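Below is one structure; the comments refer to it alone.
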Amino acid sequence: MTLLKLENVHTYYGHIHALKGISIEVNEGEVVTLIGANGAGKSTTLRTISGLARPRAGTVTFQGTALNNVPPHKITRMGVGHVPEGRRIFPELTVRENLEMGGFSVSSREVAERMERAFTLFPRVKERLNQLGGTLSGGEQQMLAMARGLLLNPRILLLDEPSMGLAPVLVDQIFDIIQELHAQGTTILLVEQNARMALQVADRGYILQSGQIVMGDSAKVLQESEVVRKAYLGEE
Amino acid sequence: MTAVPNIASSTQRSPLEALGNWLLQYILRPVLQILLFVFIAGGSISLLALVVGFVLQTDWHGIDILRVPARINLFEQVVRQLPNMLLDGITIGFVYAVIALGYTMVYGVLKFINFAHSEIFMVGGVVGYEVMIRLRAADMLSSLSPLVVIVLMIGVAMVICGTLATVVERVAYKPLRGAPRLVPLISAIGVSFFLTDFVRGFQALNRNVFNMPYPTDQVTFFNERIVLAQGVSTTNTTLIIIVSAIVMLVGLNYFVNATKIGKGIRAVSQDQATASLMGINVNLMITITFMVGGALGGAAGVLYGLKTTNVTPYIGFIPGLKAFTAAVLGGIGNITGAMLGGLLLGMLEAFFSALLPYFPALGLGYSDIFAFAVLILVLLFRPTGLLGKKVDEKV
Ligand SMILES: Nc1ncnc2c1ncn2[C@@H]1O[C@H](COP(=O)(O)OP(=O)(O)OP(=O)(O)O)[C@@H](O)[C@H]1O
Ligand SMILES: [Mg+2]
């Protein structure tokens with residue numbers, strides 16, 4: 001079943017034409033990855049889905065509902081969980097409060113339950129509950145950002161470069177967690193610079209180039225494609 | 001702040017222990033912090049007063065403006081006046097602190113100085129007057145318990161001013177979101193003038209006077225004196241102002257730090273876009289911020305009216321300016337800072353009003369100049385204000 005669908009989406013920042021007619025589909029239970037160079041429009045795509053950016057043309061449909069005029073907080077409450085680029089932890093809230101913000105629209109009892117579930121994947125976060133978000137290390141902040149995203153209990157999780165700036169061990173850990181979430185049935189749209197690892201965990205992928213989708217296929221096909229190997233996997 | 005991994009213990013606390021923790025965290029600790037601030041502000045000003053009194057008691061040849069009439073022993077006077085000066089400083093300082101919270105909270109979420117806040121405060125003072133004279137007309141002012149009178153005055157002022165601030169935000173600021181920073185500022189100044197003239201017009205049509213004297217003489221309780229020490233006494237009004245202010249500050253601390261909405265407001269003030277990704281309705285949080293700030297401003301207006309016993313449509317400007325100054329002095333956007341700033345500014349003002357009359361060349365009229373000069377000095381050395389920005393938002 002199609003959970004999320006972008007049809008011919010155009011997004012602008014002022015005069016900058018960032019997305020030039022993008023069409024993407026994500027089915028229930030899938031991990032789909034979005035690969036592209038810096039400035040290709042990956043983050044803009046996610047922002048357009050979660051309502052932080054508005055498409056000037058085209059439609060974003062989630063579970064059959066057009067999102068074009070829905071405010072971001074309602075899109076979130078409909079089940080779109082966006083873990084934005086650069087972690088965006090609330091620096092002057094404690095770790096616990098950061099997590100509570102993820103459960104803002106549900107009861108505190110539900111928040112407690114979701115927190116316990118998130119801790120099974122991110123035990124490190126649990127150890128730092130009373131620390132201020134801004135004082136966590138970069139890796140810890142990334143863990144917190146993902147955990148906070150899970151607190152939203154989303155139907156679909158939009159992850160924007162979750163491995164950015166992390167040590168190799170932590171990158172592996174993040175991808176393990178993505179796989180774990182996948183196994184639990186979470187639908188994920190994953191934006192990554194690390195195309196190799198992204199294609200390993202993903203079912204399907206899209207290649208984005210200057211605001212346009214130039215390729216879209218199963219992860220296997222993309223991994224083997226000549227173009228992808230040269231441009232994104234750094235192979236000769 | 002250190003990490004305290006106490007998850008296990010936090011899930012299985014006894015109810016009594018939980019209540020104890022709650023009282024400690026949200027009542028006792030903030031009250032102690034407020035007292036600490038009173039001591040810091042009071043202590044530093046006392047020290048300043050004593051030093052100035054000591055240094056200036058001898059004749060400073062050549063500097064005429066610093067000359068004290070020969071028959072006066074300045075140091076002795078300072079010592080004698082100190083308790084009343086402190087009491088005065090604390091009272092007005094708390095009023096400034098409560099007003100300052102309105103500026104600082106709105107600045108926190110919108111990075112915008114709501115210059116109309118001083119007029120919201122003025123409206124609070126006028127509402128207090130209206131409530132009082134209506135009670136008097138119904139012959140209830142002297143028969144009702146003074147506590148009920150106070151709660152009614154403050155309560156009505158909070159409701160009306162909270163609503164008013166929300167309406168102002170909706171009408172005059174929200175449509176300008178995203179416009180250059182100067183534009184909402186001009187709009188705020190426009191709202192200020194509008195509110196002043198509206199109240200003036202309203203009173204002119206109804207009563208043909210601009211002075212609205214609080215009929216505090218009708219409530220004997222307000223004017224009863226309490227003796228704190230030999231030669232140091234004050235009225236119950238002072239006590240009412242201080243206690244009400246502390247209740248509001250503690251209440252705000254609870255609201256901001258312990259409630260879901262309060263945490264949402266803090267999240268919005270740190271990162272609006274991410275807050276909306278958490279399912280937080282940013283516009284609603286902004287509205288609530290204005291409502292809470294406005295309600296506090298209205299309550300402060302009533303307290304100010306009780307202290308000065310007379311309000312006019314023009315009372316907003318100077319206290320508003322001073323409260324804004326207090327917010328900047330403490331570090332704008334910082335709730336704790338607004339409190340400290342308010343108390344310090346109140347103390348400074350009391351200090352200069354107590355001292356200046358002894359200098360014939362200067363006189364009382366200069367007290368504000370000196371208070372603001374101190375502010376400029378502080379900001380020269382600490383542009384972010386006393387408590388900077390990177391501080392926990394706790395009262
Ligand atoms: N707020 C903005 N204002 C103006 N232009 C923007 C803004 N945000 C992004 N852009 C532009 O839109 C284009 C797409 O940006 P986007 O952030 O989506 O790229 P990206 O694929 O996520 O890149 P990266 O891999 O570096 O994160 C870029 O050319 C960028 O300069
Ligand atoms: Mg990006």
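Order determines the names: the first chain of the structure tokens is A, the second B, and so forth; residues in each chain are numbered 1 upward, and ligands are numbered 1 upward as they are shown.
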
Could you list, as a tab-separated table (two decimals) with all heavy atoms, in the first residue's frame, all the residues within 12 Å of ligand 1, counting only C-alpha atoms and all ligand atoms?
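Saved the output as out-v1.tsv:
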```
chain	number	residue	atom	x	y	z
A	10	HIS	N	7.17	20.88	-7.07
A	10	HIS	CA	8.13	21.98	-7.28
A	10	HIS	C	8.21	22.80	-6.01
A	10	HIS	O	7.19	23.29	-5.53
A	10	HIS	CB	7.65	22.89	-8.41
A	10	HIS	CG	7.70	22.24	-9.76
A	10	HIS	ND1	8.74	22.44	-10.63
A	10	HIS	CD2	6.83	21.40	-10.38
A	10	HIS	CE1	8.52	21.73	-11.74
A	10	HIS	NE2	7.36	21.09	-11.61
A	11	THR	N	9.41	22.96	-5.46
A	11	THR	CA	9.57	23.79	-4.26
A	11	THR	C	10.62	24.86	-4.54
A	11	THR	O	11.64	24.59	-5.17
A	11	THR	CB	10.00	22.93	-3.07
A	11	THR	OG1	9.02	21.93	-2.84
A	11	THR	CG2	10.13	23.78	-1.81
A	12	TYR	N	10.32	26.06	-4.08
A	12	TYR	CA	11.22	27.20	-4.28
A	12	TYR	C	11.64	27.78	-2.94
A	12	TYR	O	10.89	27.75	-1.97
A	12	TYR	CB	10.51	28.33	-5.05
A	12	TYR	CG	10.18	28.02	-6.49
A	12	TYR	CD1	9.15	27.15	-6.82
A	12	TYR	CD2	10.88	28.64	-7.52
A	12	TYR	CE1	8.84	26.88	-8.14
A	12	TYR	CE2	10.57	28.39	-8.85
A	12	TYR	CZ	9.55	27.50	-9.15
A	12	TYR	OH	9.24	27.25	-10.46
A	13	TYR	N	12.87	28.32	-2.92
A	13	TYR	CA	13.26	29.24	-1.84
A	13	TYR	C	13.41	30.59	-2.52
A	13	TYR	O	14.41	30.84	-3.17
A	13	TYR	CB	14.59	28.83	-1.22
A	13	TYR	CG	14.57	27.51	-0.47
A	13	TYR	CD1	15.15	26.38	-1.02
A	13	TYR	CD2	13.98	27.42	0.79
A	13	TYR	CE1	15.14	25.17	-0.33
A	13	TYR	CE2	13.97	26.23	1.49
A	13	TYR	CZ	14.55	25.11	0.92
A	13	TYR	OH	14.55	23.92	1.61
A	14	GLY	N	12.42	31.45	-2.40
A	14	GLY	CA	12.48	32.70	-3.14
A	14	GLY	C	12.55	32.41	-4.62
A	14	GLY	O	11.64	31.82	-5.19
A	15	HIS	N	13.68	32.79	-5.24
A	15	HIS	CA	13.81	32.54	-6.68
A	15	HIS	C	14.52	31.22	-6.96
A	15	HIS	O	14.61	30.79	-8.11
A	15	HIS	CB	14.58	33.69	-7.35
A	15	HIS	CG	13.84	34.98	-7.30
A	15	HIS	ND1	12.66	35.18	-7.95
A	15	HIS	CD2	14.11	36.13	-6.63
A	15	HIS	CE1	12.22	36.40	-7.70
A	15	HIS	NE2	13.08	37.00	-6.90
A	16	ILE	N	15.06	30.62	-5.92
A	16	ILE	CA	15.81	29.37	-6.15
A	16	ILE	C	14.83	28.22	-6.33
A	16	ILE	O	14.00	27.94	-5.47
A	16	ILE	CB	16.76	29.09	-4.97
A	16	ILE	CG1	17.79	30.21	-4.88
A	16	ILE	CG2	17.44	27.74	-5.14
A	16	ILE	CD1	18.63	30.17	-3.62
A	17	HIS	N	14.95	27.57	-7.46
A	17	HIS	CA	14.07	26.46	-7.80
A	17	HIS	C	14.72	25.17	-7.28
A	17	HIS	O	15.50	24.54	-7.98
A	17	HIS	CB	13.91	26.42	-9.32
A	17	HIS	CG	12.74	25.61	-9.77
A	17	HIS	ND1	12.35	25.56	-11.08
A	17	HIS	CD2	11.86	24.83	-9.10
A	17	HIS	CE1	11.29	24.76	-11.19
A	17	HIS	NE2	10.97	24.32	-10.01
A	18	ALA	N	14.39	24.80	-6.04
A	18	ALA	CA	15.13	23.70	-5.41
A	18	ALA	C	14.64	22.32	-5.85
A	18	ALA	O	15.43	21.42	-6.07
A	18	ALA	CB	15.06	23.83	-3.89
A	19	LEU	N	13.33	22.14	-5.96
A	19	LEU	CA	12.79	20.87	-6.44
A	19	LEU	C	12.06	21.12	-7.76
A	19	LEU	O	11.17	21.96	-7.83
A	19	LEU	CB	11.82	20.27	-5.42
A	19	LEU	CG	12.39	19.88	-4.05
A	19	LEU	CD1	11.33	19.18	-3.22
A	19	LEU	CD2	13.64	19.01	-4.19
A	20	LYS	N	12.46	20.37	-8.78
A	20	LYS	CA	11.93	20.64	-10.12
A	20	LYS	C	11.09	19.47	-10.60
A	20	LYS	O	11.49	18.71	-11.47
A	20	LYS	CB	13.09	20.91	-11.10
A	20	LYS	CG	13.97	22.07	-10.65
A	20	LYS	CD	15.27	22.11	-11.43
A	20	LYS	CE	16.18	23.20	-10.89
A	20	LYS	NZ	17.59	22.96	-11.24
A	34	LEU	N	17.10	8.22	-0.43
A	34	LEU	CA	17.20	9.34	-1.36
A	34	LEU	C	18.66	9.73	-1.39
A	34	LEU	O	19.23	10.14	-0.37
A	34	LEU	CB	16.36	10.49	-0.81
A	34	LEU	CG	15.76	11.52	-1.74
A	34	LEU	CD1	14.93	10.87	-2.82
A	34	LEU	CD2	14.89	12.47	-0.92
A	35	ILE	N	19.28	9.57	-2.56
A	35	ILE	CA	20.71	9.81	-2.65
A	35	ILE	C	20.97	10.96	-3.60
A	35	ILE	O	20.26	11.12	-4.61
A	35	ILE	CB	21.43	8.53	-3.16
A	35	ILE	CG1	21.30	7.44	-2.09
A	35	ILE	CG2	22.90	8.78	-3.46
A	35	ILE	CD1	21.71	6.08	-2.59
A	36	GLY	N	21.95	11.79	-3.27
A	36	GLY	CA	22.28	12.89	-4.16
A	36	GLY	C	23.43	13.69	-3.61
A	36	GLY	O	23.75	13.60	-2.42
A	37	ALA	N	24.04	14.50	-4.49
A	37	ALA	CA	25.18	15.31	-4.08
A	37	ALA	C	24.71	16.43	-3.16
A	37	ALA	O	23.51	16.64	-2.98
A	37	ALA	CB	25.87	15.88	-5.31
A	38	ASN	N	25.66	17.17	-2.60
A	38	ASN	CA	25.31	18.33	-1.78
A	38	ASN	C	24.50	19.32	-2.61
A	38	ASN	O	24.84	19.62	-3.75
A	38	ASN	CB	26.58	19.04	-1.28
A	38	ASN	CG	27.33	18.18	-0.28
A	38	ASN	OD1	28.50	17.90	-0.45
A	38	ASN	ND2	26.65	17.75	0.75
A	39	GLY	N	23.42	19.80	-2.02
A	39	GLY	CA	22.61	20.80	-2.71
A	39	GLY	C	21.67	20.22	-3.75
A	39	GLY	O	21.03	20.96	-4.51
A	40	ALA	N	21.55	18.90	-3.82
A	40	ALA	CA	20.69	18.29	-4.83
A	40	ALA	C	19.21	18.51	-4.50
A	40	ALA	O	18.36	18.49	-5.38
A	40	ALA	CB	20.98	16.79	-4.92
A	41	GLY	N	18.90	18.71	-3.23
A	41	GLY	CA	17.51	18.93	-2.83
A	41	GLY	C	16.94	17.84	-1.94
A	41	GLY	O	15.73	17.74	-1.77
A	42	LYS	N	17.82	17.05	-1.33
A	42	LYS	CA	17.34	15.96	-0.48
A	42	LYS	C	16.61	16.49	0.75
A	42	LYS	O	15.48	16.09	1.05
A	42	LYS	CB	18.54	15.09	-0.03
A	42	LYS	CG	19.39	14.57	-1.18
A	42	LYS	CD	20.55	13.72	-0.70
A	42	LYS	CE	21.58	14.45	0.14
A	42	LYS	NZ	22.32	15.48	-0.60
A	43	SER	N	17.28	17.41	1.46
A	43	SER	CA	16.64	17.96	2.66
A	43	SER	C	15.36	18.70	2.29
A	43	SER	O	14.37	18.64	3.02
A	43	SER	CB	17.59	18.90	3.39
A	43	SER	OG	18.75	18.21	3.77
A	44	THR	N	15.42	19.41	1.18
A	44	THR	CA	14.23	20.15	0.74
A	44	THR	C	13.06	19.20	0.51
A	44	THR	O	11.91	19.52	0.83
A	44	THR	CB	14.55	20.95	-0.53
A	44	THR	OG1	15.69	21.77	-0.28
A	44	THR	CG2	13.37	21.82	-0.93
A	45	THR	N	13.36	18.03	-0.04
A	45	THR	CA	12.30	17.05	-0.25
A	45	THR	C	11.64	16.68	1.08
A	45	THR	O	10.41	16.70	1.22
A	45	THR	CB	12.87	15.78	-0.92
A	45	THR	OG1	13.57	16.17	-2.10
A	45	THR	CG2	11.76	14.81	-1.28
A	46	LEU	N	12.48	16.38	2.08
A	46	LEU	CA	11.92	16.02	3.38
A	46	LEU	C	11.16	17.18	4.00
A	46	LEU	O	10.09	17.01	4.58
A	46	LEU	CB	13.03	15.55	4.33
A	46	LEU	CG	13.81	14.30	3.92
A	46	LEU	CD1	14.62	13.76	5.10
A	46	LEU	CD2	12.88	13.20	3.40
A	47	ARG	N	11.71	18.38	3.85
A	47	ARG	CA	11.04	19.56	4.41
A	47	ARG	C	9.70	19.82	3.72
A	47	ARG	O	8.76	20.30	4.34
A	47	ARG	CB	11.94	20.80	4.29
A	47	ARG	CG	13.18	20.73	5.18
A	47	ARG	CD	14.19	21.80	4.80
A	47	ARG	NE	13.61	23.13	4.89
A	47	ARG	CZ	13.55	23.83	6.01
A	47	ARG	NH1	14.06	23.34	7.11
A	47	ARG	NH2	13.00	25.03	6.03
A	48	THR	N	9.65	19.49	2.46
A	48	THR	CA	8.39	19.68	1.73
A	48	THR	C	7.35	18.68	2.22
A	48	THR	O	6.16	18.99	2.31
A	48	THR	CB	8.62	19.52	0.22
A	48	THR	OG1	9.66	20.42	-0.17
A	48	THR	CG2	7.36	19.83	-0.57
A	49	ILE	N	7.82	17.48	2.56
A	49	ILE	CA	6.87	16.48	3.06
A	49	ILE	C	6.33	16.88	4.44
A	49	ILE	O	5.13	16.83	4.69
A	49	ILE	CB	7.55	15.09	3.14
A	49	ILE	CG1	7.98	14.62	1.75
A	49	ILE	CG2	6.60	14.07	3.79
A	49	ILE	CD1	8.91	13.42	1.76
A	52	LEU	N	7.58	22.03	6.40
A	52	LEU	CA	8.45	23.17	6.70
A	52	LEU	C	8.70	24.00	5.46
A	52	LEU	O	8.95	25.19	5.53
A	52	LEU	CB	9.79	22.69	7.28
A	52	LEU	CG	9.73	22.05	8.66
A	52	LEU	CD1	11.13	21.69	9.15
A	52	LEU	CD2	9.06	22.97	9.66
A	53	ALA	N	8.63	23.34	4.29
A	53	ALA	CA	8.69	24.06	3.02
A	53	ALA	C	7.39	23.73	2.28
A	53	ALA	O	6.82	22.66	2.49
A	53	ALA	CB	9.89	23.64	2.20
A	54	ARG	N	6.93	24.66	1.46
A	54	ARG	CA	5.66	24.44	0.76
A	54	ARG	C	5.89	24.30	-0.73
A	54	ARG	O	6.60	25.10	-1.32
A	54	ARG	CB	4.73	25.63	1.01
A	54	ARG	CG	4.23	25.72	2.42
A	54	ARG	CD	3.33	24.56	2.74
A	54	ARG	NE	2.99	24.53	4.16
A	54	ARG	CZ	2.30	23.55	4.73
A	54	ARG	NH1	1.93	22.51	4.01
A	54	ARG	NH2	2.02	23.60	6.00
A	84	PRO	N	15.28	16.02	11.55
A	84	PRO	CA	15.88	16.93	10.58
A	84	PRO	C	17.40	16.85	10.52
A	84	PRO	O	18.04	16.28	11.41
A	84	PRO	CB	15.43	18.31	11.06
A	84	PRO	CG	15.19	18.15	12.51
A	84	PRO	CD	14.75	16.74	12.72
A	85	GLU	N	17.93	17.44	9.45
A	85	GLU	CA	19.37	17.51	9.27
A	85	GLU	C	19.99	18.30	10.42
A	85	GLU	O	19.44	19.30	10.87
A	85	GLU	CB	19.64	18.23	7.94
A	85	GLU	CG	21.06	18.22	7.49
A	85	GLU	CD	21.19	18.76	6.06
A	85	GLU	OE1	20.25	19.42	5.59
A	85	GLU	OE2	22.23	18.52	5.44
A	86	GLY	N	21.12	17.83	10.92
A	86	GLY	CA	21.83	18.58	11.96
A	86	GLY	C	21.23	18.41	13.34
A	86	GLY	O	21.39	19.26	14.20
A	159	LEU	N	14.39	10.39	7.83
A	159	LEU	CA	15.69	10.56	8.46
A	159	LEU	C	16.62	11.33	7.54
A	159	LEU	O	16.88	10.89	6.42
A	159	LEU	CB	16.32	9.20	8.79
A	159	LEU	CG	15.57	8.33	9.79
A	159	LEU	CD1	16.29	6.98	9.94
A	159	LEU	CD2	15.47	9.02	11.13
A	160	ASP	N	17.10	12.50	8.01
A	160	ASP	CA	17.99	13.30	7.17
A	160	ASP	C	19.43	13.17	7.65
A	160	ASP	O	19.83	13.77	8.64
A	160	ASP	CB	17.54	14.77	7.20
A	160	ASP	CG	18.10	15.55	6.01
A	160	ASP	OD1	19.09	15.09	5.42
A	160	ASP	OD2	17.53	16.61	5.68
A	161	GLU	N	20.21	12.40	6.94
A	161	GLU	CA	21.62	12.16	7.24
A	161	GLU	C	21.87	11.81	8.70
A	161	GLU	O	22.58	12.51	9.41
A	161	GLU	CB	22.44	13.40	6.85
A	161	GLU	CG	22.22	13.75	5.40
A	161	GLU	CD	23.35	14.57	4.80
A	161	GLU	OE1	24.46	14.50	5.34
A	161	GLU	OE2	23.12	15.25	3.79
A	162	PRO	N	21.31	10.70	9.14
A	162	PRO	CA	21.50	10.32	10.55
A	162	PRO	C	22.94	9.96	10.89
A	162	PRO	O	23.31	9.98	12.06
A	162	PRO	CB	20.59	9.10	10.71
A	162	PRO	CG	20.40	8.56	9.35
A	162	PRO	CD	20.45	9.74	8.43
A	164	MET	N	25.61	11.65	9.84
A	164	MET	CA	26.51	12.77	9.61
A	164	MET	C	27.41	13.05	10.81
A	164	MET	O	26.95	13.21	11.93
A	164	MET	CB	25.70	14.01	9.28
A	164	MET	CG	26.55	15.18	8.82
A	164	MET	SD	25.54	16.49	8.13
A	164	MET	CE	24.54	16.91	9.54
A	190	LEU	N	14.96	7.55	3.92
A	190	LEU	CA	16.29	7.82	4.44
A	190	LEU	C	17.11	8.65	3.47
A	190	LEU	O	17.32	8.26	2.33
A	190	LEU	CB	16.99	6.48	4.72
A	190	LEU	CG	18.46	6.50	5.10
A	190	LEU	CD1	18.67	7.13	6.45
A	190	LEU	CD2	19.03	5.08	5.08
A	191	VAL	N	17.58	9.81	3.95
A	191	VAL	CA	18.50	10.62	3.15
A	191	VAL	C	19.90	10.37	3.67
A	191	VAL	O	20.13	10.44	4.87
A	191	VAL	CB	18.14	12.12	3.28
A	191	VAL	CG1	19.29	12.99	2.80
A	191	VAL	CG2	16.88	12.42	2.49
A	192	GLU	N	20.81	10.07	2.79
A	192	GLU	CA	22.17	9.74	3.24
A	192	GLU	C	23.24	10.21	2.27
A	192	GLU	O	23.04	10.24	1.06
A	192	GLU	CB	22.30	8.21	3.41
A	192	GLU	CG	22.27	7.74	4.84
A	192	GLU	CD	23.32	8.39	5.73
A	192	GLU	OE1	24.38	8.78	5.24
A	192	GLU	OE2	23.05	8.52	6.94
A	193	GLN	N	24.39	10.61	2.83
A	193	GLN	CA	25.58	10.84	2.01
A	193	GLN	C	26.28	9.51	1.78
A	193	GLN	O	26.90	9.28	0.75
A	193	GLN	CB	26.56	11.77	2.74
A	193	GLN	CG	26.09	13.20	2.89
A	193	GLN	CD	26.14	13.93	1.58
A	193	GLN	OE1	26.77	13.47	0.62
A	193	GLN	NE2	25.45	15.06	1.52
A	194	ASN	N	26.17	8.65	2.79
A	194	ASN	CA	26.82	7.36	2.73
A	194	ASN	C	25.97	6.40	1.89
A	194	ASN	O	25.22	5.58	2.40
A	194	ASN	CB	26.98	6.83	4.16
A	194	ASN	CG	27.92	5.64	4.21
A	194	ASN	OD1	28.04	4.90	3.23
A	194	ASN	ND2	28.57	5.46	5.34
A	195	ALA	N	26.10	6.55	0.56
A	195	ALA	CA	25.21	5.83	-0.35
A	195	ALA	C	25.37	4.32	-0.24
A	195	ALA	O	24.39	3.58	-0.31
A	195	ALA	CB	25.47	6.27	-1.79
A	207	ILE	N	17.69	8.53	-7.06
A	207	ILE	CA	18.86	9.39	-7.20
A	207	ILE	C	18.37	10.78	-7.57
A	207	ILE	O	17.62	10.95	-8.54
A	207	ILE	CB	19.81	8.88	-8.31
A	207	ILE	CG1	20.12	7.39	-8.12
A	207	ILE	CG2	21.08	9.72	-8.33
A	207	ILE	CD1	20.98	7.06	-6.96
A	208	LEU	N	18.80	11.76	-6.77
A	208	LEU	CA	18.37	13.14	-6.96
A	208	LEU	C	19.54	13.95	-7.48
A	208	LEU	O	20.65	13.87	-6.95
A	208	LEU	CB	17.92	13.68	-5.60
A	208	LEU	CG	17.05	14.92	-5.54
A	208	LEU	CD1	15.80	14.76	-6.39
A	208	LEU	CD2	16.67	15.19	-4.09
A	209	GLN	N	19.29	14.74	-8.55
A	209	GLN	CA	20.36	15.55	-9.11
A	209	GLN	C	19.78	16.93	-9.44
A	209	GLN	O	18.83	17.02	-10.22
A	209	GLN	CB	20.86	14.87	-10.39
A	209	GLN	CG	22.34	15.00	-10.64
A	209	GLN	CD	22.76	14.12	-11.79
A	209	GLN	OE1	22.32	14.31	-12.92
A	209	GLN	NE2	23.61	13.14	-11.52
A	210	SER	N	20.33	17.95	-8.85
A	210	SER	CA	19.86	19.33	-9.05
A	210	SER	C	18.34	19.42	-9.06
A	210	SER	O	17.75	19.98	-9.98
A	210	SER	CB	20.38	19.91	-10.36
A	210	SER	OG	21.63	19.40	-10.67
A	211	GLY	N	17.73	18.86	-8.05
A	211	GLY	CA	16.29	19.01	-7.90
A	211	GLY	C	15.45	18.13	-8.79
A	211	GLY	O	14.24	18.32	-8.90
A	212	GLN	N	16.07	17.15	-9.44
A	212	GLN	CA	15.30	16.24	-10.27
A	212	GLN	C	15.66	14.79	-9.95
A	212	GLN	O	16.82	14.48	-9.68
A	212	GLN	CB	15.57	16.52	-11.75
A	212	GLN	CG	14.80	17.73	-12.25
A	212	GLN	CD	15.24	18.12	-13.64
A	212	GLN	OE1	16.43	18.16	-13.95
A	212	GLN	NE2	14.27	18.44	-14.48
A	213	ILE	N	14.66	13.92	-10.02
A	213	ILE	CA	14.93	12.49	-9.87
A	213	ILE	C	15.47	11.98	-11.20
A	213	ILE	O	14.82	12.12	-12.23
A	213	ILE	CB	13.64	11.72	-9.53
A	213	ILE	CG1	13.01	12.26	-8.24
A	213	ILE	CG2	13.90	10.23	-9.45
A	213	ILE	CD1	13.66	11.79	-6.99
B	273	ALA	N	11.04	25.79	14.09
B	273	ALA	CA	10.78	24.79	13.06
B	273	ALA	C	10.79	23.38	13.68
B	273	ALA	O	9.87	22.59	13.43
B	273	ALA	CB	11.84	24.89	11.96
```

Show me, as a PyMOL selection string, the residues of chain A whose atoms get within 7 Å of chain B, using only C-alpha atoms for the distance check.
chain A and resi 52+72-74+76-77+82+88+90+92+101-102+104-105+127-131

Hey, what's within 12 Å of B:Phe193 if we count only C-alpha atoms and toss same-chain stuff fewer than 6 positions away? As a PyMOL selection string, please?
chain B and resi 115-120+122+186-187+199-201+313-314+316-317

Atom CA of B:Phe221 to atom CA of B:Ala354, distance in Å rounded to a single decimal
26.9 Å

Determine which residues of stretch 118-247 of chain B receive a DSSP assignment of strand (DSSP E or B), computed from the backbone, and state them as a ChimeraX atom specification.
/B:212-213,225-229,232-235

Could you save those same residues with N, CA, C and O atoms as an mmCIF file, in the first residue's frame?
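As a result, selection-v5.cif now contains:
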```
data_model
loop_
_atom_site.group_PDB
_atom_site.id
_atom_site.type_symbol
_atom_site.label_atom_id
_atom_site.label_comp_id
_atom_site.auth_asym_id
_atom_site.auth_seq_id
_atom_site.Cartn_x
_atom_site.Cartn_y
_atom_site.Cartn_z
ATOM 1 N N MET B 212 -7.168 58.392 38.373
ATOM 2 C CA MET B 212 -8.021 57.339 38.922
ATOM 3 C C MET B 212 -7.460 56.922 40.268
ATOM 4 O O MET B 212 -6.693 55.966 40.370
ATOM 5 N N PRO B 213 -7.796 57.679 41.319
ATOM 6 C CA PRO B 213 -7.248 57.345 42.638
ATOM 7 C C PRO B 213 -7.888 56.080 43.200
ATOM 8 O O PRO B 213 -9.116 55.950 43.211
ATOM 9 N N ARG B 225 -0.536 49.493 59.833
ATOM 10 C CA ARG B 225 0.924 49.429 59.777
ATOM 11 C C ARG B 225 1.429 48.189 60.488
ATOM 12 O O ARG B 225 0.869 47.753 61.484
ATOM 13 N N ILE B 226 2.461 47.614 59.929
ATOM 14 C CA ILE B 226 3.114 46.524 60.625
ATOM 15 C C ILE B 226 4.498 47.007 61.006
ATOM 16 O O ILE B 226 5.216 47.576 60.186
ATOM 17 N N VAL B 227 4.864 46.769 62.237
ATOM 18 C CA VAL B 227 6.179 47.202 62.704
ATOM 19 C C VAL B 227 7.135 46.025 62.549
ATOM 20 O O VAL B 227 6.920 44.947 63.087
ATOM 21 N N LEU B 228 8.161 46.248 61.767
ATOM 22 C CA LEU B 228 9.120 45.171 61.512
ATOM 23 C C LEU B 228 10.249 45.193 62.528
ATOM 24 O O LEU B 228 10.768 44.166 62.930
ATOM 25 N N ALA B 229 10.632 46.382 62.916
ATOM 26 C CA ALA B 229 11.670 46.541 63.923
ATOM 27 C C ALA B 229 11.476 47.941 64.485
ATOM 28 O O ALA B 229 10.618 48.673 63.994
ATOM 29 N N VAL B 232 11.128 50.858 62.108
ATOM 30 C CA VAL B 232 10.905 50.379 60.748
ATOM 31 C C VAL B 232 9.513 49.787 60.665
ATOM 32 O O VAL B 232 9.230 48.756 61.251
ATOM 33 N N SER B 233 8.645 50.471 59.951
ATOM 34 C CA SER B 233 7.313 49.916 59.806
ATOM 35 C C SER B 233 6.833 50.149 58.382
ATOM 36 O O SER B 233 7.387 50.962 57.652
ATOM 37 N N THR B 234 5.826 49.394 58.026
ATOM 38 C CA THR B 234 5.283 49.563 56.684
ATOM 39 C C THR B 234 3.803 49.224 56.741
ATOM 40 O O THR B 234 3.292 48.814 57.781
ATOM 41 N N THR B 235 3.123 49.377 55.601
ATOM 42 C CA THR B 235 1.700 49.060 55.604
ATOM 43 C C THR B 235 1.495 47.647 55.078
ATOM 44 O O THR B 235 2.383 47.062 54.471
#
```

Taking into account only C-alpha atoms and all ligand atoms, which residue in the set A:Val83, A:Leu222, A:Leu181, A:Ala147 is nearest to ligand 2?
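When distances to ligand 2 are compared using only C-alpha atoms and all ligand atoms, the smallest one comes from A:Val83.
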
What separates atom CA of B:Ile286 and atom CA of A:Pro71 is a distance of 15.3 Å

Have a look at A:Thr94, A:Ile188, A:Ser225, A:Ile156 and name the one nearest to A:Ile75; count only C-alpha atoms.
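Using only C-alpha atoms, A:Ile75 sits closest to A:Ile156.
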